[in-house]
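Asks: Before I ask anything, let me first share the structure, which is written out below as structure tokens.
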Amino acid sequence: MLKVNNINVYYGAIHAIKGVSLEVKEGAIVTLIGANGAGKSTILKTISGLLRPKTGEIIYEGNKLNTMEAQEIVRSGVCQVPEGRRVFANMSVLENLELGAFLRKDKAQIKEDMEKVFEKFPRLKERISQLAGTLSGGEQQMLAIGRAMMSRPRLMLLDEPSMGLAPLLVKEIFSIIKEINQSGTTILLVEQNAHMALSIANYAYVLETGKIVLEGPAKELAESEQVKKAYLGG
Ligand code: ATP
């Protein structure tokens, strides 16, 4: 479904991503794990068109994303849930969700999808008119995921959904990510929480200072001594 071929991404003179290639197969949950500053967010931003690779290409269902506008990329079915639960703080929960659907015109289906979001996140329904900035951290993360669901993505890019959340909430968010996947959305998940990420993913890549250093089925990586030592605290 998605193929990233040998991309190099720079911030000015800083060579942040060094020849990264990865693949996401339709229906899978693929995770990209790595420490702070390894370049995980940079890769997601490059896929969603917020950054451009200097060389290399990104192919999604035969289309070259690296030459498409970010809006066109969303329209083609790829949606990013940004890091740090970036919701529109001065807008209500409802307005945030409506914005997730702003490129769509299928009113009846938008309503249906809104109901689906509320089914998954009843807490958002209870807080439908509350300003997003006053939601708790976990609720904001739910809203960020809900907003992405409203674009009906076929491929969802998730940037560190566990960040800053209490362990119980992390579990809840991850089980919802799994459900979203089971209902047909392919997932590329970027995480520092390697333990949780490997527990739900099918396939995993390990990123260190801008390079993929290891890849394989998530179960195998979770058992690998190298990963255990560096990322699983043991
Ligand atoms: P984290 O988990 O801490 O968010 P990450 O793996 O997502 O880390 P990135 O945010 O992709 O890492 O950053 C990769 C590298 O690029 C880091 O060295 C970072 O300092 C650098 N970088 C990121 N954004 C910029 C920017 N706008 N300008 C210059 N350098 C940047």
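Order determines the names: the first chain of the structure tokens is A, the second B, and so forth; residues in each chain are numbered 1 upward, and ligands are numbered 1 upward as they are shown.
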If the limit is 9 Å from any atom of ligand 1, counting only C-alpha atoms and all ligand atoms, which residues qualify? Return them as a PyMOL selection string.
Replies: chain A and resi 10-17+33-45+83+159-160+190-192+207-210
Asks: Please produce a file of those selected residues containing C-alpha atoms, as a short mmCIF file (atom, residue, chain, number, x, y, z; two decimals), in the first residue's frame.
Replies:
data_model
loop_
_atom_site.label_atom_id
_atom_site.label_comp_id
_atom_site.auth_asym_id
_atom_site.auth_seq_id
_atom_site.Cartn_x
_atom_site.Cartn_y
_atom_site.Cartn_z
CA TYR A 10 17.25 17.57 5.63
CA TYR A 11 16.52 20.47 7.96
CA GLY A 12 18.86 23.01 6.38
CA ALA A 13 22.28 21.44 6.72
CA ILE A 14 21.10 18.76 9.17
CA HIS A 15 20.75 15.37 7.53
CA ALA A 16 17.83 14.05 9.63
CA ILE A 17 16.76 11.00 7.59
CA ILE A 33 10.20 2.68 17.07
CA GLY A 34 13.23 4.60 18.19
CA ALA A 35 14.58 6.96 20.82
CA ASN A 36 14.03 10.70 21.12
CA GLY A 37 15.30 12.53 18.09
CA ALA A 38 15.83 9.42 15.97
CA GLY A 39 13.70 10.98 13.22
CA LYS A 40 10.38 9.21 13.62
CA SER A 41 8.22 12.33 13.39
CA THR A 42 10.27 13.57 10.47
CA ILE A 43 9.44 10.40 8.51
CA LEU A 44 5.70 10.77 9.20
CA LYS A 45 5.74 14.43 8.23
CA GLU A 83 2.24 14.33 17.98
CA ASP A 159 2.67 9.99 15.95
CA GLU A 160 3.33 8.84 19.53
CA VAL A 190 5.42 5.85 15.48
CA GLU A 191 6.25 5.20 19.13
CA GLN A 192 8.82 5.57 21.86
CA LEU A 207 15.19 3.79 13.74
CA GLU A 208 18.46 5.15 15.14
CA THR A 209 19.79 8.60 14.24
CA GLY A 210 17.96 8.72 10.95
#
Asks: Name the residues in contact with Asn66 in chain A at a cut-off of 12 Å, using only C-alpha atoms, excluding same-chain residues fewer than 5 positions from it; report them as JSON, numbers by chain.
Replies: {"A": [2, 3, 4, 5, 7, 8, 9, 43, 44, 45, 46, 47, 48, 49, 50, 51, 52, 53, 54, 55, 56, 57, 58, 59, 60, 72, 73]}
Asks: Could you take the residues named above and write them with N, CA, C and O atoms, as an mmCIF file, in the first residue's frame?
Replies:
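Below is the file result.cif, written as the result:
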data_model
loop_
_atom_site.group_PDB
_atom_site.id
_atom_site.type_symbol
_atom_site.label_atom_id
_atom_site.label_comp_id
_atom_site.auth_asym_id
_atom_site.auth_seq_id
_atom_site.Cartn_x
_atom_site.Cartn_y
_atom_site.Cartn_z
ATOM 1 N N LEU A 2 1.875 1.266 0.908
ATOM 2 C CA LEU A 2 2.797 2.409 0.992
ATOM 3 C C LEU A 2 4.226 1.900 0.905
ATOM 4 O O LEU A 2 4.595 0.939 1.590
ATOM 5 N N LYS A 3 5.000 2.564 0.050
ATOM 6 C CA LYS A 3 6.420 2.216 -0.043
ATOM 7 C C LYS A 3 7.251 3.480 0.049
ATOM 8 O O LYS A 3 7.058 4.407 -0.726
ATOM 9 N N VAL A 4 8.138 3.497 1.016
ATOM 10 C CA VAL A 4 9.074 4.604 1.153
ATOM 11 C C VAL A 4 10.406 4.080 0.623
ATOM 12 O O VAL A 4 10.929 3.084 1.127
ATOM 13 N N ASN A 5 10.902 4.713 -0.438
ATOM 14 C CA ASN A 5 12.121 4.214 -1.080
ATOM 15 C C ASN A 5 13.288 5.157 -0.882
ATOM 16 O O ASN A 5 13.338 6.224 -1.498
ATOM 17 N N ILE A 7 14.610 7.428 1.217
ATOM 18 C CA ILE A 7 14.471 8.891 1.315
ATOM 19 C C ILE A 7 15.559 9.518 2.185
ATOM 20 O O ILE A 7 16.034 8.932 3.158
ATOM 21 N N ASN A 8 15.941 10.712 1.784
ATOM 22 C CA ASN A 8 16.864 11.547 2.545
ATOM 23 C C ASN A 8 16.160 12.868 2.812
ATOM 24 O O ASN A 8 15.673 13.512 1.889
ATOM 25 N N VAL A 9 16.088 13.228 4.105
ATOM 26 C CA VAL A 9 15.395 14.464 4.484
ATOM 27 C C VAL A 9 16.357 15.333 5.290
ATOM 28 O O VAL A 9 17.061 14.834 6.172
ATOM 29 N N ILE A 43 9.881 11.343 9.548
ATOM 30 C CA ILE A 43 9.437 10.400 8.511
ATOM 31 C C ILE A 43 7.927 10.545 8.281
ATOM 32 O O ILE A 43 7.472 10.638 7.136
ATOM 33 N N LEU A 44 7.153 10.624 9.371
ATOM 34 C CA LEU A 44 5.702 10.768 9.199
ATOM 35 C C LEU A 44 5.350 12.062 8.479
ATOM 36 O O LEU A 44 4.503 12.079 7.584
ATOM 37 N N LYS A 45 6.027 13.141 8.874
ATOM 38 C CA LYS A 45 5.738 14.428 8.227
ATOM 39 C C LYS A 45 6.104 14.395 6.748
ATOM 40 O O LYS A 45 5.489 15.092 5.934
ATOM 41 N N THR A 46 7.108 13.618 6.408
ATOM 42 C CA THR A 46 7.498 13.524 4.993
ATOM 43 C C THR A 46 6.463 12.727 4.212
ATOM 44 O O THR A 46 6.120 13.072 3.082
ATOM 45 N N ILE A 47 5.923 11.675 4.841
ATOM 46 C CA ILE A 47 4.885 10.889 4.159
ATOM 47 C C ILE A 47 3.635 11.743 3.952
ATOM 48 O O ILE A 47 3.021 11.721 2.888
ATOM 49 N N SER A 48 3.276 12.553 4.964
ATOM 50 C CA SER A 48 2.037 13.313 4.828
ATOM 51 C C SER A 48 2.227 14.633 4.088
ATOM 52 O O SER A 48 1.290 15.425 3.983
ATOM 53 N N GLY A 49 3.417 14.869 3.570
ATOM 54 C CA GLY A 49 3.622 15.997 2.665
ATOM 55 C C GLY A 49 3.966 17.308 3.347
ATOM 56 O O GLY A 49 4.026 18.355 2.708
ATOM 57 N N LEU A 50 4.215 17.276 4.665
ATOM 58 C CA LEU A 50 4.578 18.505 5.377
ATOM 59 C C LEU A 50 6.053 18.819 5.184
ATOM 60 O O LEU A 50 6.484 19.960 5.309
ATOM 61 N N LEU A 51 6.837 17.784 4.890
ATOM 62 C CA LEU A 51 8.251 17.959 4.558
ATOM 63 C C LEU A 51 8.500 17.232 3.242
ATOM 64 O O LEU A 51 7.779 16.292 2.909
ATOM 65 N N ARG A 52 9.526 17.638 2.531
ATOM 66 C CA ARG A 52 9.864 16.973 1.267
ATOM 67 C C ARG A 52 11.205 16.260 1.373
ATOM 68 O O ARG A 52 12.153 16.839 1.914
ATOM 69 N N PRO A 53 11.293 15.052 0.851
ATOM 70 C CA PRO A 53 12.610 14.411 0.827
ATOM 71 C C PRO A 53 13.478 15.071 -0.246
ATOM 72 O O PRO A 53 12.960 15.499 -1.281
ATOM 73 N N LYS A 54 14.766 15.149 0.030
ATOM 74 C CA LYS A 54 15.671 15.715 -0.974
ATOM 75 C C LYS A 54 15.858 14.700 -2.100
ATOM 76 O O LYS A 54 15.876 15.065 -3.273
ATOM 77 N N THR A 55 15.994 13.449 -1.705
ATOM 78 C CA THR A 55 16.043 12.371 -2.703
ATOM 79 C C THR A 55 15.190 11.216 -2.206
ATOM 80 O O THR A 55 14.824 11.162 -1.036
ATOM 81 N N GLY A 56 14.894 10.308 -3.114
ATOM 82 C CA GLY A 56 14.064 9.156 -2.772
ATOM 83 C C GLY A 56 12.605 9.436 -3.099
ATOM 84 O O GLY A 56 12.252 10.553 -3.482
ATOM 85 N N GLU A 57 11.762 8.422 -2.960
ATOM 86 C CA GLU A 57 10.347 8.651 -3.259
ATOM 87 C C GLU A 57 9.425 7.884 -2.320
ATOM 88 O O GLU A 57 9.834 6.930 -1.661
ATOM 89 N N ILE A 58 8.173 8.354 -2.281
ATOM 90 C CA ILE A 58 7.162 7.742 -1.424
ATOM 91 C C ILE A 58 5.972 7.391 -2.313
ATOM 92 O O ILE A 58 5.366 8.280 -2.906
ATOM 93 N N ILE A 59 5.699 6.109 -2.425
ATOM 94 C CA ILE A 59 4.643 5.656 -3.325
ATOM 95 C C ILE A 59 3.488 5.087 -2.506
ATOM 96 O O ILE A 59 3.679 4.186 -1.697
ATOM 97 N N TYR A 60 2.293 5.642 -2.733
ATOM 98 C CA TYR A 60 1.092 5.155 -2.054
ATOM 99 C C TYR A 60 0.101 4.756 -3.132
ATOM 100 O O TYR A 60 -0.329 5.599 -3.918
ATOM 101 N N GLU A 72 -3.978 17.112 -1.044
ATOM 102 C CA GLU A 72 -4.234 16.018 -1.992
ATOM 103 C C GLU A 72 -3.930 14.676 -1.353
ATOM 104 O O GLU A 72 -4.599 13.677 -1.624
ATOM 105 N N ILE A 73 -2.904 14.664 -0.518
ATOM 106 C CA ILE A 73 -2.512 13.426 0.157
ATOM 107 C C ILE A 73 -3.630 12.977 1.094
ATOM 108 O O ILE A 73 -4.012 11.805 1.109
#
Asks: With a distance cut-off of 10 Å and only C-alpha atoms, select the neighbouring residues of Gln140 in chain A, excluding the residue or stretch itself and same-chain residues fewer than 3 positions from it, and output the selection as a list in words.
Replies: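 After dropping sequence-adjacent residues, the list is Gly84, Arg85, Arg86, Val87, Phe88, Ala89, Val93, Leu124, Ala132, Gly133, Thr134, Leu135, Ser136, Gly137, Leu143, Ala144, Ile145 and Gly146 of chain A.
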Asks: Output all heavy atoms for every residue in that selection, as a compact mmCIF listing (two decimals), in the first residue's frame.
Replies:
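Once everything was written out, this is result_10.txt:
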# COMPACT_ATOMS: atom_id res chain seq x y z
N GLY A 84 1.63 15.16 20.17
CA GLY A 84 1.26 16.20 21.13
C GLY A 84 -0.19 16.60 21.04
O GLY A 84 -0.55 17.71 21.40
N ARG A 85 -1.03 15.69 20.56
CA ARG A 85 -2.49 15.91 20.53
C ARG A 85 -2.83 17.30 20.05
O ARG A 85 -3.51 18.07 20.75
CB ARG A 85 -3.08 15.76 21.93
CG ARG A 85 -2.50 14.61 22.65
CD ARG A 85 -2.60 14.81 24.15
NE ARG A 85 -1.63 13.98 24.79
CZ ARG A 85 -1.05 14.29 25.93
NH1 ARG A 85 -1.35 15.38 26.55
NH2 ARG A 85 -0.18 13.47 26.45
N ARG A 86 -2.33 17.65 18.90
CA ARG A 86 -2.62 19.00 18.42
C ARG A 86 -4.07 19.12 17.98
O ARG A 86 -4.42 18.82 16.86
CB ARG A 86 -1.65 19.39 17.30
CG ARG A 86 -0.88 20.64 17.68
CD ARG A 86 0.30 20.87 16.80
NE ARG A 86 1.35 19.90 17.03
CZ ARG A 86 2.07 19.34 16.09
NH1 ARG A 86 1.83 19.60 14.82
NH2 ARG A 86 3.02 18.50 16.39
N VAL A 87 -4.91 19.58 18.90
CA VAL A 87 -6.30 19.84 18.56
C VAL A 87 -6.46 21.36 18.53
O VAL A 87 -5.57 22.08 18.98
CB VAL A 87 -7.26 19.22 19.61
CG1 VAL A 87 -7.20 17.71 19.54
CG2 VAL A 87 -6.95 19.70 21.02
N PHE A 88 -7.58 21.84 17.99
CA PHE A 88 -7.81 23.28 17.97
C PHE A 88 -8.43 23.67 19.30
O PHE A 88 -9.62 23.45 19.54
CB PHE A 88 -8.68 23.66 16.78
CG PHE A 88 -8.02 23.32 15.47
CD1 PHE A 88 -8.39 22.19 14.75
CD2 PHE A 88 -6.98 24.12 14.98
CE1 PHE A 88 -7.76 21.87 13.56
CE2 PHE A 88 -6.34 23.80 13.79
CZ PHE A 88 -6.73 22.66 13.08
N ALA A 89 -7.58 24.26 20.17
CA ALA A 89 -7.94 24.48 21.57
C ALA A 89 -9.17 25.36 21.74
O ALA A 89 -9.97 25.14 22.65
CB ALA A 89 -6.75 25.08 22.31
N VAL A 93 -15.35 20.31 20.76
CA VAL A 93 -15.11 18.93 20.33
C VAL A 93 -15.77 18.71 18.97
O VAL A 93 -15.15 18.21 18.02
CB VAL A 93 -15.66 17.94 21.38
CG1 VAL A 93 -15.76 16.54 20.83
CG2 VAL A 93 -14.78 17.99 22.64
N LEU A 124 -16.08 11.69 24.39
CA LEU A 124 -16.13 12.87 23.50
C LEU A 124 -17.58 13.31 23.30
O LEU A 124 -17.86 14.49 23.17
CB LEU A 124 -15.48 12.55 22.16
CG LEU A 124 -13.97 12.29 22.17
CD1 LEU A 124 -13.47 12.06 20.75
CD2 LEU A 124 -13.21 13.45 22.82
N ALA A 132 -11.92 22.27 23.18
CA ALA A 132 -10.93 21.19 23.14
C ALA A 132 -9.75 21.45 24.06
O ALA A 132 -9.19 20.54 24.66
CB ALA A 132 -10.44 20.99 21.70
N GLY A 133 -9.39 22.75 24.22
CA GLY A 133 -8.26 23.09 25.07
C GLY A 133 -8.47 22.77 26.53
O GLY A 133 -7.50 22.69 27.29
N THR A 134 -9.73 22.57 26.92
CA THR A 134 -10.00 22.27 28.33
C THR A 134 -10.16 20.77 28.57
O THR A 134 -10.43 20.34 29.68
CB THR A 134 -11.27 23.00 28.83
OG1 THR A 134 -12.40 22.47 28.12
CG2 THR A 134 -11.19 24.49 28.61
N LEU A 135 -10.00 19.94 27.53
CA LEU A 135 -10.06 18.49 27.72
C LEU A 135 -8.79 18.01 28.41
O LEU A 135 -7.75 18.66 28.31
CB LEU A 135 -10.17 17.78 26.36
CG LEU A 135 -11.41 18.03 25.51
CD1 LEU A 135 -11.22 17.39 24.14
CD2 LEU A 135 -12.65 17.45 26.18
N SER A 136 -8.86 16.86 29.06
CA SER A 136 -7.66 16.27 29.66
C SER A 136 -6.74 15.78 28.54
O SER A 136 -7.18 15.67 27.38
CB SER A 136 -8.04 15.09 30.54
OG SER A 136 -8.38 13.99 29.74
N GLY A 137 -5.51 15.48 28.89
CA GLY A 137 -4.55 15.00 27.89
C GLY A 137 -5.06 13.79 27.12
O GLY A 137 -4.97 13.72 25.89
N LEU A 143 -9.57 12.88 20.85
CA LEU A 143 -10.12 13.81 19.87
C LEU A 143 -9.24 13.87 18.62
O LEU A 143 -9.75 13.88 17.49
CB LEU A 143 -10.28 15.21 20.49
CG LEU A 143 -10.89 16.29 19.61
CD1 LEU A 143 -12.26 15.87 19.07
CD2 LEU A 143 -11.01 17.62 20.35
N ALA A 144 -7.93 13.85 18.83
CA ALA A 144 -7.02 13.89 17.67
C ALA A 144 -7.22 12.65 16.79
O ALA A 144 -7.24 12.73 15.56
CB ALA A 144 -5.57 13.98 18.14
N ILE A 145 -7.42 11.50 17.43
CA ILE A 145 -7.66 10.26 16.66
C ILE A 145 -9.04 10.32 16.00
O ILE A 145 -9.20 9.99 14.82
CB ILE A 145 -7.53 9.02 17.57
CG1 ILE A 145 -6.09 8.88 18.06
CG2 ILE A 145 -7.95 7.75 16.82
CD1 ILE A 145 -5.86 7.76 19.07
N GLY A 146 -10.04 10.80 16.76
CA GLY A 146 -11.39 10.93 16.22
C GLY A 146 -11.42 11.85 15.02
O GLY A 146 -12.05 11.56 14.00
Asks: Among range 106-178 of chain A, which residues carry a DSSP assignment of strand (DSSP E), reported as number ranges by chain?
Replies: A: 155-159
Asks: Output N, CA, C and O atoms for every residue in the selection just made, as a tab-separated table (two decimals), in the first residue's frame.
Replies:
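Okay, this is what ended up in out-v7.tsv:
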chain	number	residue	atom	x	y	z
A	155	LEU	N	-5.20	4.88	5.26
A	155	LEU	CA	-3.93	4.72	5.95
A	155	LEU	C	-3.83	5.81	7.01
A	155	LEU	O	-3.90	7.00	6.70
A	156	MET	N	-3.73	5.40	8.28
A	156	MET	CA	-3.62	6.37	9.37
A	156	MET	C	-2.19	6.38	9.90
A	156	MET	O	-1.63	5.34	10.22
A	157	LEU	N	-1.62	7.59	9.97
A	157	LEU	CA	-0.27	7.76	10.49
A	157	LEU	C	-0.39	8.31	11.90
A	157	LEU	O	-0.95	9.39	12.09
A	158	LEU	N	0.09	7.57	12.87
A	158	LEU	CA	-0.07	7.99	14.27
A	158	LEU	C	1.28	8.32	14.88
A	158	LEU	O	2.18	7.48	14.92
A	159	ASP	N	1.40	9.56	15.38
A	159	ASP	CA	2.67	9.99	15.95
A	159	ASP	C	2.60	9.97	17.48
A	159	ASP	O	2.00	10.85	18.10
Asks: So, counting only C-alpha atoms, which residue among A:Leu214, A:Glu23, A:Val81, A:Met150 is closest to Glu115 in chain A?
Replies: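 Once distances to Glu115 in chain A are computed over only C-alpha atoms, the minimum belongs to A:Met150.
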Asks: Please return, as an MDAnalysis selection string, all residues of range 11-95 of chain A that DSSP assigns to helix (DSSP H, G or I) on the basis of the backbone.
Replies: chainID A and resid 40:47 65:67 70:75 93:95
Asks: Please dump the current selection as a PDB file, in the first residue's frame; keep N, CA, C and O atoms.
Replies:
ATOM      1  N   LYS A  40      11.669   9.857  13.874  1.00  0.00           N
ATOM      2  CA  LYS A  40      10.377   9.209  13.620  1.00  0.00           C
ATOM      3  C   LYS A  40       9.328  10.209  13.115  1.00  0.00           C
ATOM      4  O   LYS A  40       8.669   9.953  12.106  1.00  0.00           O
ATOM      5  N   SER A  41       9.212  11.339  13.820  1.00  0.00           N
ATOM      6  CA  SER A  41       8.216  12.334  13.394  1.00  0.00           C
ATOM      7  C   SER A  41       8.556  12.878  12.015  1.00  0.00           C
ATOM      8  O   SER A  41       7.661  13.164  11.208  1.00  0.00           O
ATOM      9  N   THR A  42       9.842  13.037  11.768  1.00  0.00           N
ATOM     10  CA  THR A  42      10.268  13.566  10.466  1.00  0.00           C
ATOM     11  C   THR A  42       9.799  12.646   9.337  1.00  0.00           C
ATOM     12  O   THR A  42       9.334  13.122   8.294  1.00  0.00           O
ATOM     13  N   ILE A  43       9.881  11.343   9.548  1.00  0.00           N
ATOM     14  CA  ILE A  43       9.437  10.400   8.511  1.00  0.00           C
ATOM     15  C   ILE A  43       7.927  10.545   8.281  1.00  0.00           C
ATOM     16  O   ILE A  43       7.472  10.638   7.136  1.00  0.00           O
ATOM     17  N   LEU A  44       7.153  10.624   9.371  1.00  0.00           N
ATOM     18  CA  LEU A  44       5.702  10.768   9.199  1.00  0.00           C
ATOM     19  C   LEU A  44       5.350  12.062   8.479  1.00  0.00           C
ATOM     20  O   LEU A  44       4.503  12.079   7.584  1.00  0.00           O
ATOM     21  N   LYS A  45       6.027  13.141   8.874  1.00  0.00           N
ATOM     22  CA  LYS A  45       5.738  14.428   8.227  1.00  0.00           C
ATOM     23  C   LYS A  45       6.104  14.395   6.748  1.00  0.00           C
ATOM     24  O   LYS A  45       5.489  15.092   5.934  1.00  0.00           O
ATOM     25  N   THR A  46       7.108  13.618   6.408  1.00  0.00           N
ATOM     26  CA  THR A  46       7.498  13.524   4.993  1.00  0.00           C
ATOM     27  C   THR A  46       6.463  12.727   4.212  1.00  0.00           C
ATOM     28  O   THR A  46       6.120  13.072   3.082  1.00  0.00           O
ATOM     29  N   ILE A  47       5.923  11.675   4.841  1.00  0.00           N
ATOM     30  CA  ILE A  47       4.885  10.889   4.159  1.00  0.00           C
ATOM     31  C   ILE A  47       3.635  11.743   3.952  1.00  0.00           C
ATOM     32  O   ILE A  47       3.021  11.721   2.888  1.00  0.00           O
ATOM     33  N   LEU A  65       3.599  10.319  -3.504  1.00  0.00           N
ATOM     34  CA  LEU A  65       3.176  11.315  -2.514  1.00  0.00           C
ATOM     35  C   LEU A  65       4.153  12.477  -2.424  1.00  0.00           C
ATOM     36  O   LEU A  65       3.769  13.591  -2.099  1.00  0.00           O
ATOM     37  N   ASN A  66       5.431  12.192  -2.700  1.00  0.00           N
ATOM     38  CA  ASN A  66       6.430  13.235  -2.469  1.00  0.00           C
ATOM     39  C   ASN A  66       6.360  14.385  -3.467  1.00  0.00           C
ATOM     40  O   ASN A  66       7.089  15.363  -3.328  1.00  0.00           O
ATOM     41  N   THR A  67       5.433  14.295  -4.443  1.00  0.00           N
ATOM     42  CA  THR A  67       5.243  15.458  -5.300  1.00  0.00           C
ATOM     43  C   THR A  67       3.812  15.999  -5.164  1.00  0.00           C
ATOM     44  O   THR A  67       3.428  16.931  -5.847  1.00  0.00           O
ATOM     45  N   ALA A  70      -0.079  18.483   0.448  1.00  0.00           N
ATOM     46  CA  ALA A  70      -0.566  17.815   1.663  1.00  0.00           C
ATOM     47  C   ALA A  70      -2.078  17.548   1.604  1.00  0.00           C
ATOM     48  O   ALA A  70      -2.549  16.485   2.007  1.00  0.00           O
ATOM     49  N   GLN A  71      -2.831  18.508   1.074  1.00  0.00           N
ATOM     50  CA  GLN A  71      -4.296  18.336   0.981  1.00  0.00           C
ATOM     51  C   GLN A  71      -4.679  17.178   0.074  1.00  0.00           C
ATOM     52  O   GLN A  71      -5.580  16.413   0.378  1.00  0.00           O
ATOM     53  N   GLU A  72      -3.978  17.112  -1.044  1.00  0.00           N
ATOM     54  CA  GLU A  72      -4.234  16.018  -1.992  1.00  0.00           C
ATOM     55  C   GLU A  72      -3.930  14.676  -1.353  1.00  0.00           C
ATOM     56  O   GLU A  72      -4.599  13.677  -1.624  1.00  0.00           O
ATOM     57  N   ILE A  73      -2.904  14.664  -0.518  1.00  0.00           N
ATOM     58  CA  ILE A  73      -2.512  13.426   0.157  1.00  0.00           C
ATOM     59  C   ILE A  73      -3.630  12.977   1.094  1.00  0.00           C
ATOM     60  O   ILE A  73      -4.012  11.805   1.109  1.00  0.00           O
ATOM     61  N   VAL A  74      -4.202  13.939   1.831  1.00  0.00           N
ATOM     62  CA  VAL A  74      -5.333  13.604   2.712  1.00  0.00           C
ATOM     63  C   VAL A  74      -6.492  13.078   1.866  1.00  0.00           C
ATOM     64  O   VAL A  74      -7.111  12.072   2.190  1.00  0.00           O
ATOM     65  N   ARG A  75      -6.749  13.756   0.749  1.00  0.00           N
ATOM     66  CA  ARG A  75      -7.855  13.355  -0.118  1.00  0.00           C
ATOM     67  C   ARG A  75      -7.647  11.939  -0.654  1.00  0.00           C
ATOM     68  O   ARG A  75      -8.605  11.205  -0.870  1.00  0.00           O
ATOM     69  N   VAL A  93     -15.348  20.307  20.763  1.00  0.00           N
ATOM     70  CA  VAL A  93     -15.108  18.933  20.326  1.00  0.00           C
ATOM     71  C   VAL A  93     -15.774  18.708  18.968  1.00  0.00           C
ATOM     72  O   VAL A  93     -15.155  18.211  18.022  1.00  0.00           O
ATOM     73  N   LEU A  94     -17.042  19.146  18.872  1.00  0.00           N
ATOM     74  CA  LEU A  94     -17.788  18.955  17.627  1.00  0.00           C
ATOM     75  C   LEU A  94     -17.091  19.649  16.447  1.00  0.00           C
ATOM     76  O   LEU A  94     -16.914  19.064  15.375  1.00  0.00           O
ATOM     77  N   GLU A  95     -16.685  20.909  16.676  1.00  0.00           N
ATOM     78  CA  GLU A  95     -16.038  21.664  15.587  1.00  0.00           C
ATOM     79  C   GLU A  95     -14.730  21.005  15.155  1.00  0.00           C
ATOM     80  O   GLU A  95     -14.406  20.962  13.965  1.00  0.00           O
TER      81      GLU A  95
END
Asks: Which is closer to Glu220 in chain A than all the others in A:Val30, A:Ala204, A:Met91, A:Leu232, using only C-alpha atoms?
Replies: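 Using only C-alpha atoms, Glu220 in chain A sits closest to A:Ala204.
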Asks: Between A:Ile187, A:Ala101, A:Met163, A:Val213, which one has atoms that come closest to Val78 in chain A, using only C-alpha atoms?
Replies: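 Once distances to Val78 in chain A are computed over only C-alpha atoms, the minimum belongs to A:Ile187.
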Asks: Using CA of Ile128 in chain A and CA of Ser92 in chain A as the two end points, give the distance in Å to one decimal.
Replies: 6.7 Å
Asks: Pick the closest to His195 in chain A from A:Lys211, A:Lys107, A:Lys125, A:Lys229: which is it, counting only C-alpha atoms?
Replies: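 Result for the nearest residue to His195 in chain A: A:Lys229.
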Asks: What is the CA of Ser199 in chain A to CA of Lys219 in chain A distance in Å?
Replies: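 A separation of 7.5 Å between them.
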Asks: Contacts of range 166-175 of chain A at 9 Å or less, counting only C-alpha atoms, minus same-chain residues fewer than 4 places along, as a PyMOL selection string?
Replies: chain A and resi 138+141-142+161-162+179-180+196-197+200
Asks: Could you list, as a list of chain:residue names, every residue within 8 Å of Ala201 in chain A, counting only C-alpha atoms and ignoring same-chain residues fewer than 6 positions away?
Replies: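 Near neighbours after the sequence-gap exclusion: A:Ala28, A:Ile29, A:Val30, A:Thr31, A:Ala218.
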Asks: Taking N, CA, C and O atoms for each residue, export the selection above as an mmCIF file, in the first residue's frame.
Replies:
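Writing done, so here's again.cif:
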data_model
loop_
_atom_site.group_PDB
_atom_site.id
_atom_site.type_symbol
_atom_site.label_atom_id
_atom_site.label_comp_id
_atom_site.auth_asym_id
_atom_site.auth_seq_id
_atom_site.Cartn_x
_atom_site.Cartn_y
_atom_site.Cartn_z
ATOM 1 N N ALA A 28 -2.299 -3.895 7.586
ATOM 2 C CA ALA A 28 -1.344 -4.149 8.670
ATOM 3 C C ALA A 28 -1.299 -3.013 9.685
ATOM 4 O O ALA A 28 -1.796 -1.918 9.441
ATOM 5 N N ILE A 29 -0.700 -3.317 10.831
ATOM 6 C CA ILE A 29 -0.213 -2.268 11.735
ATOM 7 C C ILE A 29 1.309 -2.376 11.696
ATOM 8 O O ILE A 29 1.876 -3.403 12.074
ATOM 9 N N VAL A 30 1.936 -1.342 11.184
ATOM 10 C CA VAL A 30 3.399 -1.318 11.126
ATOM 11 C C VAL A 30 3.861 -0.263 12.113
ATOM 12 O O VAL A 30 3.269 0.820 12.194
ATOM 13 N N THR A 31 4.888 -0.573 12.886
ATOM 14 C CA THR A 31 5.378 0.428 13.831
ATOM 15 C C THR A 31 6.821 0.791 13.540
ATOM 16 O O THR A 31 7.605 -0.015 13.044
ATOM 17 N N ALA A 218 6.902 -7.969 14.322
ATOM 18 C CA ALA A 218 6.943 -7.336 15.636
ATOM 19 C C ALA A 218 7.236 -8.354 16.742
ATOM 20 O O ALA A 218 7.990 -8.070 17.678
#
Asks: Take CA of Pro82 in chain A and CA of Ala222 in chain A and report the distance between them in Å, one decimal.
Replies: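 Taking CA of Pro82 in chain A and CA of Ala222 in chain A, their separation equals 25.5 Å.
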